[in-house]
file final.tsv (TSV, C-alpha atoms and all ligand atoms)
chain	number	residue	atom	x	y	z
A	151	MET	CA	-25.99	16.54	-24.16
A	152	GLU	CA	-25.56	13.15	-22.58
A	153	GLU	CA	-27.12	12.90	-19.15
A	154	LYS	CA	-24.81	12.12	-16.31
A	155	LYS	CA	-25.27	8.79	-14.57
A	156	ARG	CA	-26.62	9.01	-11.06
A	157	ILE	CA	-24.70	7.85	-8.02
A	158	PHE	CA	-26.08	7.36	-4.54
A	159	SER	CA	-24.18	6.46	-1.42
A	160	GLY	CA	-24.29	7.03	2.28
A	161	VAL	CA	-22.55	6.57	5.58
A	162	GLN	CA	-23.93	5.97	9.03
A	163	PRO	CA	-23.12	8.66	11.58
A	164	SER	CA	-22.33	5.93	14.05
A	165	GLY	CA	-18.79	6.65	15.09
A	166	THR	CA	-15.59	8.31	14.30
A	167	ILE	CA	-14.45	8.50	10.67
A	168	THR	CA	-11.15	6.75	10.13
A	169	LEU	CA	-8.32	7.31	7.71
A	170	GLY	CA	-9.55	4.05	6.13
A	171	ASN	CA	-13.01	5.58	5.50
A	172	TYR	CA	-11.41	8.67	4.06
A	173	ILE	CA	-9.10	6.81	1.70
A	174	GLY	CA	-11.51	3.99	0.89
A	175	ALA	CA	-14.73	5.97	0.47
A	176	ILE	CA	-14.91	9.73	0.85
A	177	LYS	CA	-11.81	10.48	-1.25
A	178	ASN	CA	-13.24	8.40	-4.11
A	179	TRP	CA	-16.55	10.21	-3.92
A	180	VAL	CA	-14.79	13.53	-4.30
A	181	ASP	CA	-13.36	12.32	-7.60
A	182	LEU	CA	-16.74	10.99	-8.78
A	183	GLN	CA	-18.48	14.34	-8.41
A	184	ASN	CA	-17.33	15.69	-11.75
A	185	ASP	CA	-18.40	12.75	-13.85
A	186	TYR	CA	-21.65	11.78	-12.18
A	187	GLU	CA	-24.72	13.30	-10.60
A	188	CYS	CA	-24.03	12.43	-6.99
A	189	ILE	CA	-26.34	12.14	-4.01
A	190	PHE	CA	-24.78	11.45	-0.62
A	191	ALA	CA	-26.68	11.00	2.62
A	192	MET	CA	-26.12	10.64	6.34
A	193	MET	CA	-27.92	7.40	7.17
A	194	ASP	CA	-29.27	8.26	10.60
A	195	MET	CA	-32.26	5.93	10.24
A	196	HIS	CA	-29.95	2.98	9.76
A	197	THR	CA	-27.89	4.05	12.74
A	198	ILE	CA	-30.71	3.56	15.24
A	199	THR	CA	-30.83	-0.18	14.46
A	200	VAL	CA	-28.16	-0.20	17.16
A	201	ARG	CA	-28.95	1.75	20.35
A	202	GLN	CA	-27.61	5.32	20.29
A	203	THR	CA	-27.38	8.23	22.67
A	204	PRO	CA	-29.69	10.83	21.03
A	205	ALA	CA	-27.49	13.86	21.65
A	206	GLU	CA	-24.46	11.97	20.34
A	207	LEU	CA	-26.30	10.91	17.19
A	208	ARG	CA	-27.33	14.50	16.45
A	209	LYS	CA	-23.78	15.69	17.00
A	210	ARG	CA	-22.23	12.97	14.85
A	211	THR	CA	-24.63	13.56	11.99
A	212	LEU	CA	-23.51	17.18	11.71
A	213	GLU	CA	-19.87	16.27	12.21
A	214	LEU	CA	-20.06	13.72	9.44
A	215	MET	CA	-21.59	16.25	7.11
A	216	ALA	CA	-18.98	18.87	7.96
A	217	LEU	CA	-16.24	16.33	7.38
A	218	TYR	CA	-17.63	15.36	3.96
A	219	ILE	CA	-17.60	18.97	2.91
A	220	ALA	CA	-14.14	19.51	4.38
A	221	CYS	CA	-12.87	16.49	2.42
A	222	GLY	CA	-14.08	18.04	-0.81
A	223	ILE	CA	-17.70	17.00	-1.33
A	224	ASP	CA	-19.02	20.18	-2.88
A	225	PRO	CA	-22.63	20.89	-1.92
A	226	GLU	CA	-23.02	23.00	-5.05
A	227	LYS	CA	-22.15	19.97	-7.19
A	228	SER	CA	-23.59	17.11	-5.17
A	229	THR	CA	-26.74	16.68	-3.13
A	230	LEU	CA	-26.01	16.24	0.56
A	231	PHE	CA	-28.84	15.44	2.94
A	232	ILE	CA	-29.93	13.62	6.09
A	233	GLN	CA	-31.91	10.43	5.49
A	234	SER	CA	-34.58	11.09	8.14
A	235	HIS	CA	-35.36	14.45	6.48
A	236	ASN	CA	-36.86	12.70	3.50
A	237	SER	CA	-39.82	10.61	4.62
A	238	ALA	CA	-39.93	8.82	1.25
A	239	HIS	CA	-37.22	6.47	2.55
A	240	ALA	CA	-39.42	5.12	5.32
A	241	GLU	CA	-42.44	5.04	3.04
A	242	LEU	CA	-40.80	3.04	0.27
A	243	ALA	CA	-39.19	0.75	2.84
A	244	TRP	CA	-42.63	-0.23	4.10
A	245	VAL	CA	-43.81	-1.16	0.63
A	246	LEU	CA	-40.63	-3.07	-0.18
A	247	ASN	CA	-40.90	-4.94	3.14
A	248	CYS	CA	-43.92	-6.59	1.55
A	249	TYR	CA	-41.82	-7.70	-1.42
A	250	THR	CA	-38.84	-9.07	0.50
A	251	TYR	CA	-38.75	-12.57	1.95
A	252	MET	CA	-37.80	-13.51	5.49
A	253	GLY	CA	-35.46	-16.15	4.08
A	254	GLU	CA	-33.59	-13.56	2.03
A	255	LEU	CA	-33.05	-11.37	5.06
A	256	GLN	CA	-32.07	-14.26	7.30
A	257	ARG	CA	-29.16	-15.04	5.01
A	258	MET	CA	-27.57	-11.60	5.30
A	259	THR	CA	-24.11	-11.79	6.88
A	260	GLN	CA	-24.38	-8.33	8.39
A	261	PHE	CA	-27.56	-9.31	10.22
A	262	LYS	CA	-25.98	-12.49	11.56
A	263	ASP	CA	-22.92	-10.51	12.55
A	264	LYS	CA	-24.71	-7.66	14.25
A	265	SER	CA	-27.18	-9.89	16.05
A	266	SER	CA	-24.34	-11.82	17.58
A	267	ARG	CA	-22.64	-8.58	18.62
A	268	HIS	CA	-25.86	-7.03	20.01
A	269	ALA	CA	-27.58	-10.15	21.31
A	270	ASP	CA	-29.61	-8.08	23.78
A	271	ASN	CA	-31.20	-5.99	21.04
A	272	ILE	CA	-32.00	-8.03	17.93
A	273	ASN	CA	-34.74	-5.72	16.74
A	274	ALA	CA	-36.88	-5.87	13.62
A	275	GLY	CA	-35.12	-2.81	12.20
A	276	LEU	CA	-31.83	-4.63	12.25
A	277	PHE	CA	-33.50	-7.45	10.35
A	278	THR	CA	-35.07	-5.22	7.68
A	279	TYR	CA	-32.04	-2.93	7.43
A	280	PRO	CA	-31.36	-4.15	3.86
A	281	VAL	CA	-34.88	-3.15	2.80
A	282	LEU	CA	-34.37	0.42	3.98
A	283	MET	CA	-31.03	0.47	2.19
A	284	ALA	CA	-32.67	-0.83	-1.01
A	285	SER	CA	-35.21	1.98	-0.69
A	286	ASP	CA	-32.44	4.57	-0.31
A	287	ILE	CA	-30.94	3.44	-3.56
A	288	LEU	CA	-34.07	2.73	-5.62
A	289	LEU	CA	-35.86	6.00	-4.80
A	290	TYR	CA	-33.28	7.91	-6.83
A	291	GLN	CA	-33.25	5.62	-9.88
A	292	THR	CA	-29.60	5.15	-9.02
A	293	GLU	CA	-27.23	3.61	-11.55
A	294	LEU	CA	-24.13	3.19	-9.43
A	295	VAL	CA	-23.59	2.70	-5.71
A	296	PRO	CA	-19.97	3.14	-4.59
A	297	VAL	CA	-19.49	0.86	-1.61
A	298	GLY	CA	-16.93	-1.34	0.06
A	299	LYS	CA	-16.85	-5.08	-0.46
A	300	ASP	CA	-18.73	-5.71	2.80
A	301	GLN	CA	-21.79	-3.93	1.35
A	302	MET	CA	-22.02	-5.93	-1.88
A	303	GLN	CA	-24.53	-8.39	-0.41
A	304	HIS	CA	-26.80	-5.42	0.28
A	305	ILE	CA	-26.55	-4.32	-3.34
A	306	GLU	CA	-27.44	-7.85	-4.44
A	307	ILE	CA	-30.61	-7.98	-2.35
A	308	CYS	CA	-31.54	-4.49	-3.55
A	309	ARG	CA	-31.26	-5.68	-7.16
A	310	ASP	CA	-33.28	-8.82	-6.42
A	311	VAL	CA	-36.12	-6.89	-4.81
A	312	ALA	CA	-36.13	-4.29	-7.59
A	313	GLN	CA	-36.22	-6.97	-10.27
A	314	ARG	CA	-39.03	-8.77	-8.46
A	315	PHE	CA	-41.05	-5.55	-8.26
A	316	ASN	CA	-40.37	-4.69	-11.90
A	317	ALA	CA	-41.39	-8.17	-13.00
A	318	LEU	CA	-44.77	-7.64	-11.34
A	319	TYR	CA	-45.44	-4.02	-12.31
A	320	GLY	CA	-43.25	-3.02	-15.25
A	321	ASP	CA	-40.12	-0.89	-15.26
A	322	VAL	CA	-40.53	1.07	-12.05
A	323	PHE	CA	-36.97	0.91	-10.73
A	324	LYS	CA	-33.63	1.28	-12.43
A	325	ILE	CA	-31.50	-1.74	-11.48
A	326	PRO	CA	-28.41	-0.35	-9.72
A	327	GLU	CA	-24.91	-1.69	-9.75
A	328	GLY	CA	-22.34	-1.67	-6.99
A	329	LEU	CA	-19.16	0.22	-7.71
A	330	LEU	CA	-16.33	-1.35	-5.77
A	331	VAL	CA	-13.70	1.11	-4.68
A	332	LYS	CA	-10.23	0.47	-6.06
A	333	SER	CA	-8.54	-2.41	-4.26
A	334	GLY	CA	-5.38	-0.42	-3.65
A	335	ALA	CA	-7.44	1.89	-1.50
A	336	LYS	CA	-8.19	-0.77	1.11
A	337	ILE	CA	-6.53	0.30	4.31
A	338	ALA	CA	-5.78	-2.25	7.02
A	339	SER	CA	-5.56	-2.04	10.79
A	340	LEU	CA	-2.24	-0.69	12.03
A	341	GLN	CA	-2.12	-3.35	14.73
A	342	GLU	CA	-3.54	-6.36	12.85
A	343	PRO	CA	-2.65	-5.56	9.25
A	344	THR	CA	-4.49	-8.58	7.81
A	345	LYS	CA	-7.77	-7.01	9.01
A	346	LYS	CA	-9.57	-3.94	7.69
A	347	MET	CA	-9.04	-0.63	9.55
A	348	SER	CA	-12.23	-0.25	11.58
A	349	LYS	CA	-13.64	2.34	13.96
A	350	SER	CA	-15.14	-0.50	15.98
A	351	ASP	CA	-11.70	-1.93	16.68
A	352	PRO	CA	-11.49	-2.17	20.49
A	353	ASN	CA	-7.84	-1.14	20.22
A	354	PRO	CA	-7.73	2.53	19.13
A	355	LYS	CA	-4.11	2.08	18.05
A	356	GLY	CA	-5.42	0.01	15.14
A	357	TYR	CA	-7.09	2.94	13.44
A	358	ILE	CA	-6.49	6.61	12.81
A	359	SER	CA	-9.49	8.81	13.42
A	360	MET	CA	-9.75	11.90	11.23
A	361	MET	CA	-10.36	13.67	14.54
A	362	ASP	CA	-7.26	12.38	16.32
A	363	ASP	CA	-4.75	14.82	17.65
A	364	PHE	CA	-1.94	15.13	15.07
A	365	ASN	CA	0.63	13.84	17.57
A	366	VAL	CA	-1.55	10.82	18.26
A	367	MET	CA	-1.83	10.11	14.54
A	368	ALA	CA	1.94	10.18	14.15
A	369	LYS	CA	2.43	7.99	17.21
A	370	LYS	CA	-0.05	5.40	15.93
A	371	ILE	CA	1.77	5.14	12.62
A	372	LYS	CA	5.14	4.91	14.29
A	373	SER	CA	3.90	2.02	16.41
A	374	ALA	CA	2.26	0.18	13.50
A	375	VAL	CA	2.91	-3.56	13.43
A	376	THR	CA	5.35	-4.57	10.68
A	377	ASP	CA	7.65	-7.61	10.43
A	378	SER	CA	11.15	-8.62	11.44
A	379	GLU	CA	12.53	-8.91	7.91
A	380	GLY	CA	13.48	-5.26	7.86
A	381	VAL	CA	13.09	-4.88	4.11
A	382	ILE	CA	10.86	-2.29	2.45
A	383	GLU	CA	9.24	-4.11	-0.43
A	384	TYR	CA	5.70	-4.13	-1.75
A	385	ARG	CA	4.52	-7.74	-1.81
A	386	PRO	CA	0.70	-7.50	-1.82
A	387	ASP	CA	0.20	-11.28	-1.82
A	388	ASP	CA	2.56	-11.96	1.06
A	389	GLU	CA	0.70	-11.94	4.37
A	390	ALA	CA	3.91	-11.67	6.32
A	391	LYS	CA	4.39	-8.30	4.62
A	392	ALA	CA	0.86	-7.04	5.40
A	393	GLY	CA	2.04	-4.25	7.73
A	394	ILE	CA	4.57	-2.80	5.31
A	395	ASN	CA	2.19	-3.23	2.36
A	396	ASN	CA	-0.41	-1.25	4.30
A	397	LEU	CA	1.98	1.59	5.15
A	398	LEU	CA	3.12	1.69	1.51
A	399	SER	CA	-0.51	1.94	0.39
A	400	ILE	CA	-1.24	4.72	2.87
A	401	MET	CA	1.86	6.62	1.77
A	402	ALA	CA	0.94	6.11	-1.88
A	403	VAL	CA	-2.55	7.54	-1.43
A	404	MET	CA	-1.33	10.49	0.64
A	405	THR	CA	1.34	11.42	-1.90
A	406	ASP	CA	-0.55	10.55	-5.11
A	407	SER	CA	1.90	7.82	-5.90
A	408	THR	CA	1.79	4.01	-6.10
A	409	PRO	CA	2.91	1.51	-3.44
A	410	GLU	CA	5.53	0.20	-5.87
A	411	ALA	CA	7.01	3.64	-6.43
A	412	VAL	CA	7.04	4.40	-2.70
A	413	ALA	CA	8.77	1.07	-2.04
A	414	ARG	CA	11.45	1.95	-4.59
A	415	GLU	CA	11.94	5.35	-3.02
A	416	PHE	CA	12.46	3.89	0.46
A	417	SER	CA	14.25	0.71	-0.48
A	418	GLY	CA	17.27	0.10	1.71
A	419	GLN	CA	16.02	2.43	4.44
A	420	GLY	CA	15.03	1.38	7.93
A	421	TYR	CA	11.42	0.96	9.06
A	422	GLY	CA	11.82	3.82	11.55
A	423	THR	CA	12.73	6.33	8.85
A	424	PHE	CA	9.96	5.08	6.60
A	425	LYS	CA	7.33	5.23	9.35
A	426	SER	CA	8.30	8.80	10.20
A	427	ALA	CA	7.84	9.76	6.56
A	428	VAL	CA	4.42	8.08	6.44
A	429	ALA	CA	3.39	9.79	9.68
A	430	GLU	CA	4.38	13.16	8.26
A	431	ALA	CA	2.53	12.56	4.99
A	432	VAL	CA	-0.64	11.56	6.82
A	433	VAL	CA	-0.53	14.53	9.19
A	434	GLU	CA	0.25	16.98	6.37
A	435	GLY	CA	-2.56	15.49	4.26
A	436	ILE	CA	-5.15	15.71	7.00
A	437	LYS	CA	-4.18	19.15	8.35
A	438	PRO	CA	-5.94	21.23	5.67
A	439	ILE	CA	-9.04	19.03	5.93
A	440	ARG	CA	-9.16	19.58	9.66
A	441	ALA	CA	-8.79	23.33	9.26
A	442	GLU	CA	-11.75	23.33	6.87
A	443	TYR	CA	-13.68	21.06	9.19
A	444	ASP	CA	-13.16	23.35	12.18
A	445	ARG	CA	-14.42	26.29	10.17
A	446	ILE	CA	-17.51	24.45	8.86
A	447	ILE	CA	-18.59	22.75	12.10
A	448	ALA	CA	-18.64	26.14	13.80
A	449	ASP	CA	-21.04	27.49	11.19
A	450	LYS	CA	-24.35	25.84	12.07
A	451	ALA	CA	-26.38	28.13	9.81
A	452	TYR	CA	-24.30	27.12	6.80
A	453	LEU	CA	-24.73	23.42	7.56
A	454	GLN	CA	-28.44	23.88	8.08
A	455	ASP	CA	-28.81	25.64	4.78
A	456	ILE	CA	-27.06	22.77	3.00
A	457	TYR	CA	-29.02	19.95	4.58
A	458	LYS	CA	-32.31	21.75	4.07
A	459	ARG	CA	-31.66	22.41	0.41
A	460	GLY	CA	-30.32	18.87	0.07
A	461	ALA	CA	-33.47	17.35	1.56
A	462	GLU	CA	-35.64	19.42	-0.76
A	463	SER	CA	-33.93	18.28	-3.91
A	464	ALA	CA	-33.72	14.71	-2.65
A	465	ALA	CA	-37.44	14.71	-1.92
A	466	ARG	CA	-38.23	16.06	-5.38
A	467	ILE	CA	-36.54	13.10	-7.04
A	468	ALA	CA	-37.65	10.49	-4.51
A	469	ASN	CA	-41.31	11.45	-4.54
A	470	ARG	CA	-41.57	10.81	-8.26
A	471	THR	CA	-40.50	7.21	-7.68
A	472	LEU	CA	-42.62	6.82	-4.58
A	473	LYS	CA	-45.74	8.03	-6.36
A	474	LYS	CA	-45.18	5.55	-9.17
A	475	VAL	CA	-44.78	2.74	-6.65
A	476	TYR	CA	-47.91	3.74	-4.73
A	477	LYS	CA	-49.92	3.78	-7.96
A	478	LYS	CA	-48.61	0.38	-9.01
A	479	VAL	CA	-49.48	-1.33	-5.75
A	480	GLY	CA	-52.98	0.11	-5.72
A	481	PHE	CA	-52.86	3.13	-3.41
A	482	ILE	CA	-54.98	6.14	-4.33
A	483	VAL	CA	-52.52	8.90	-5.18
A	484	ASP	CA	-54.49	11.82	-6.52
B	1	LIG	N1	-25.08	0.09	4.91
B	1	LIG	C1	-24.15	1.12	4.56
B	1	LIG	C2	-22.92	0.98	5.45
B	1	LIG	O1	-23.02	0.59	6.60
B	1	LIG	C3	-24.71	2.51	4.70
B	1	LIG	C4	-25.86	2.74	3.77
B	1	LIG	C5	-27.18	2.84	4.10
B	1	LIG	C6	-25.75	2.89	2.37
B	1	LIG	N2	-27.92	3.06	2.98
B	1	LIG	C7	-27.09	3.09	1.90
B	1	LIG	C8	-24.67	2.86	1.47
B	1	LIG	C9	-27.36	3.25	0.54
B	1	LIG	C10	-24.96	3.02	0.12
B	1	LIG	C11	-26.27	3.20	-0.34
B	1	LIG	O2	-21.84	1.29	5.00
call {"tool": "encode", "arguments": {"input": "final.tsv", "output": "structure tokens", "more": "lines below"}}
Ligand code: TRP
result
Amino acid sequence: MEEKKRIFSGVQPSGTITLGNYIGAIKNWVDLQNDYECIFAMMDMHTITVRQTPAELRKRTLELMALYIACGIDPEKSTLFIQSHNSAHAELAWVLNCYTYMGELQRMTQFKDKSSRHADNINAGLFTYPVLMASDILLYQTELVPVGKDQMQHIEICRDVAQRFNALYGDVFKIPEGLLVKSGAKIASLQEPTKKMSKSDPNPKGYISMMDDFNVMAKKIKSAVTDSEGVIEYRPDDEAKAGINNLLSIMAVMTDSTPEAVAREFSGQGYGTFKSAVAEAVVEGIKPIRAEYDRIIADKAYLQDIYKRGAESAARIANRTLKKVYKKVGFIVD
């Protein structure tokens, strides 16, 4: 029997999960579970590179996990765990810190970005964030890392560090590849449709949180920015059409269709009618997920059982890699 390829990915429990995250990431992962051996983690160690309220972080970590499961990540198929529960991540990150250059880290756009946004807290963890992320991936001998475009630079540095280490010590790490999510699944802000939908948008009307009240969701879609042309057409390369393109994409994903087909279906109709239909499709699509979520988040014992078992199986795999690394660099391991 052919072995399944291994996938690793993670999300930071740093804020609310948006419809964009669901469509662009989580939904894809659900589909990947059957064809790959998947490991998904809540990246709480990455989250503290930006100051957090401890009680909030704890709460969000569990909420994120419950939402993953509610969206269809099956803990019997995939490994689901919390990063800080597996100390191998911190341990490998230390070693790889000694194989990563300052210059490499200084070039990272996310570091430049975040240090300008958090100028009062440019800490060393923020700087070495990519090394911890490389450790996450390399510990599991990962083949594919499903990420958004903004994370590709992190995959590149991970590959560079792994190749450098392998060149010195032999084939210790599998060299992973980034798996870009389908471009059609990129969801834009409802208020500035040329920008990505983001939970850090200061205007909450720009994004739909998976936790929004259903009426709020519908209202946000109905007040989405469009254009004055008044024509429902899918023109993905036309910036003036960005708002309508985005709503067509959202509708397509929620109804298992394509933006082209949705455009044909609504051609000749007014924006108001179309927006109402999109709002309904989004609400109807999210309703069952929310019902599942409410059930799961209330069951702390169930969640605990999953993250404990997840951490155990994650540690089993990770410790094999860590031990190899320790041996190679000259630590006494047995
Ligand atoms: N940096 C990723 C993000 O912000 C989260 C992350 C941390 C991650 N470690 C990872 C993603 C390992 C994939 C693999 O989205």
call {"tool": "residues_around", "arguments": {"input": "final.tsv", "residues": "A:Tyr421", "least_positions_apart": "5", "cutoff": "8 Å", "atoms": "only C-alpha atoms", "output": "list in words"}}
result
Gly380, Val381 and Ile382 of chain A
call {"tool": "residues_around", "arguments": {"input": "final.tsv", "residues": "stretch 163-177 of chain A", "least_positions_apart": "4", "cutoff": "10 Å", "atoms": "all atoms listed in the file", "output": "CSV table (one decimal) with C-alpha atoms, in the coordinates of the input"}}
result
chain,number,residue,atom,x,y,z
A,159,SER,CA,-24.2,6.5,-1.4
A,181,ASP,CA,-13.4,12.3,-7.6
A,182,LEU,CA,-16.7,11.0,-8.8
A,191,ALA,CA,-26.7,11.0,2.6
A,192,MET,CA,-26.1,10.6,6.3
A,193,MET,CA,-27.9,7.4,7.2
A,194,ASP,CA,-29.3,8.3,10.6
A,195,MET,CA,-32.3,5.9,10.2
A,196,HIS,CA,-30.0,3.0,9.8
A,197,THR,CA,-27.9,4.0,12.7
A,198,ILE,CA,-30.7,3.6,15.2
A,200,VAL,CA,-28.2,-0.2,17.2
A,202,GLN,CA,-27.6,5.3,20.3
A,206,GLU,CA,-24.5,12.0,20.3
A,207,LEU,CA,-26.3,10.9,17.2
A,208,ARG,CA,-27.3,14.5,16.4
A,209,LYS,CA,-23.8,15.7,17.0
A,210,ARG,CA,-22.2,13.0,14.8
A,211,THR,CA,-24.6,13.6,12.0
A,212,LEU,CA,-23.5,17.2,11.7
A,213,GLU,CA,-19.9,16.3,12.2
A,214,LEU,CA,-20.1,13.7,9.4
A,215,MET,CA,-21.6,16.2,7.1
A,217,LEU,CA,-16.2,16.3,7.4
A,218,TYR,CA,-17.6,15.4,4.0
A,219,ILE,CA,-17.6,19.0,2.9
A,221,CYS,CA,-12.9,16.5,2.4
A,222,GLY,CA,-14.1,18.0,-0.8
A,223,ILE,CA,-17.7,17.0,-1.3
A,296,PRO,CA,-20.0,3.1,-4.6
A,297,VAL,CA,-19.5,0.9,-1.6
A,298,GLY,CA,-16.9,-1.3,0.1
A,330,LEU,CA,-16.3,-1.4,-5.8
A,331,VAL,CA,-13.7,1.1,-4.7
A,332,LYS,CA,-10.2,0.5,-6.1
A,333,SER,CA,-8.5,-2.4,-4.3
A,334,GLY,CA,-5.4,-0.4,-3.6
A,335,ALA,CA,-7.4,1.9,-1.5
A,336,LYS,CA,-8.2,-0.8,1.1
A,337,ILE,CA,-6.5,0.3,4.3
A,338,ALA,CA,-5.8,-2.2,7.0
A,339,SER,CA,-5.6,-2.0,10.8
A,346,LYS,CA,-9.6,-3.9,7.7
A,347,MET,CA,-9.0,-0.6,9.6
A,348,SER,CA,-12.2,-0.2,11.6
A,349,LYS,CA,-13.6,2.3,14.0
A,350,SER,CA,-15.1,-0.5,16.0
A,357,TYR,CA,-7.1,2.9,13.4
A,358,ILE,CA,-6.5,6.6,12.8
A,359,SER,CA,-9.5,8.8,13.4
A,360,MET,CA,-9.8,11.9,11.2
A,361,MET,CA,-10.4,13.7,14.5
A,362,ASP,CA,-7.3,12.4,16.3
A,367,MET,CA,-1.8,10.1,14.5
A,399,SER,CA,-0.5,1.9,0.4
A,400,ILE,CA,-1.2,4.7,2.9
A,403,VAL,CA,-2.6,7.5,-1.4
A,404,MET,CA,-1.3,10.5,0.6
A,432,VAL,CA,-0.6,11.6,6.8
A,436,ILE,CA,-5.2,15.7,7.0
call {"tool": "axis_aligned_box", "arguments": {"input": "final.tsv", "around": "stretch 277-287 of chain A", "padding_each_side": "4 Å", "output": "lines of an AutoDock Vina configuration file"}}
result
center_x = -33.1
center_y = -1.4
center_z = 3.4
size_x = 12.3
size_y = 20.0
size_z = 21.9
call {"tool": "atom_distance", "arguments": {"input": "final.tsv", "atom1": "atom CA of A:Phe261", "atom2": "atom CA of A:Arg314"}}
result
21.9 Å
call {"tool": "atom_distance", "arguments": {"input": "final.tsv", "atom1": "atom CA of A:Asn236", "atom2": "atom CA of A:Ile446"}}
result
23.3 Å
call {"tool": "closest_residue", "arguments": {"input": "final.tsv", "among": "A:Leu318, A:Ile456, A:Leu246, A:Ile305", "to": "ligand LIG 1 (chain B)", "atoms": "all atoms listed in the file"}}
result
A:Ile305
call {"tool": "residues_around", "arguments": {"input": "final.tsv", "residues": "A:Ala220", "least_positions_apart": "3", "cutoff": "6 Å", "atoms": "all atoms listed in the file", "output": "PyMOL selection string"}}
result
chain A and resi 217+439+442-443
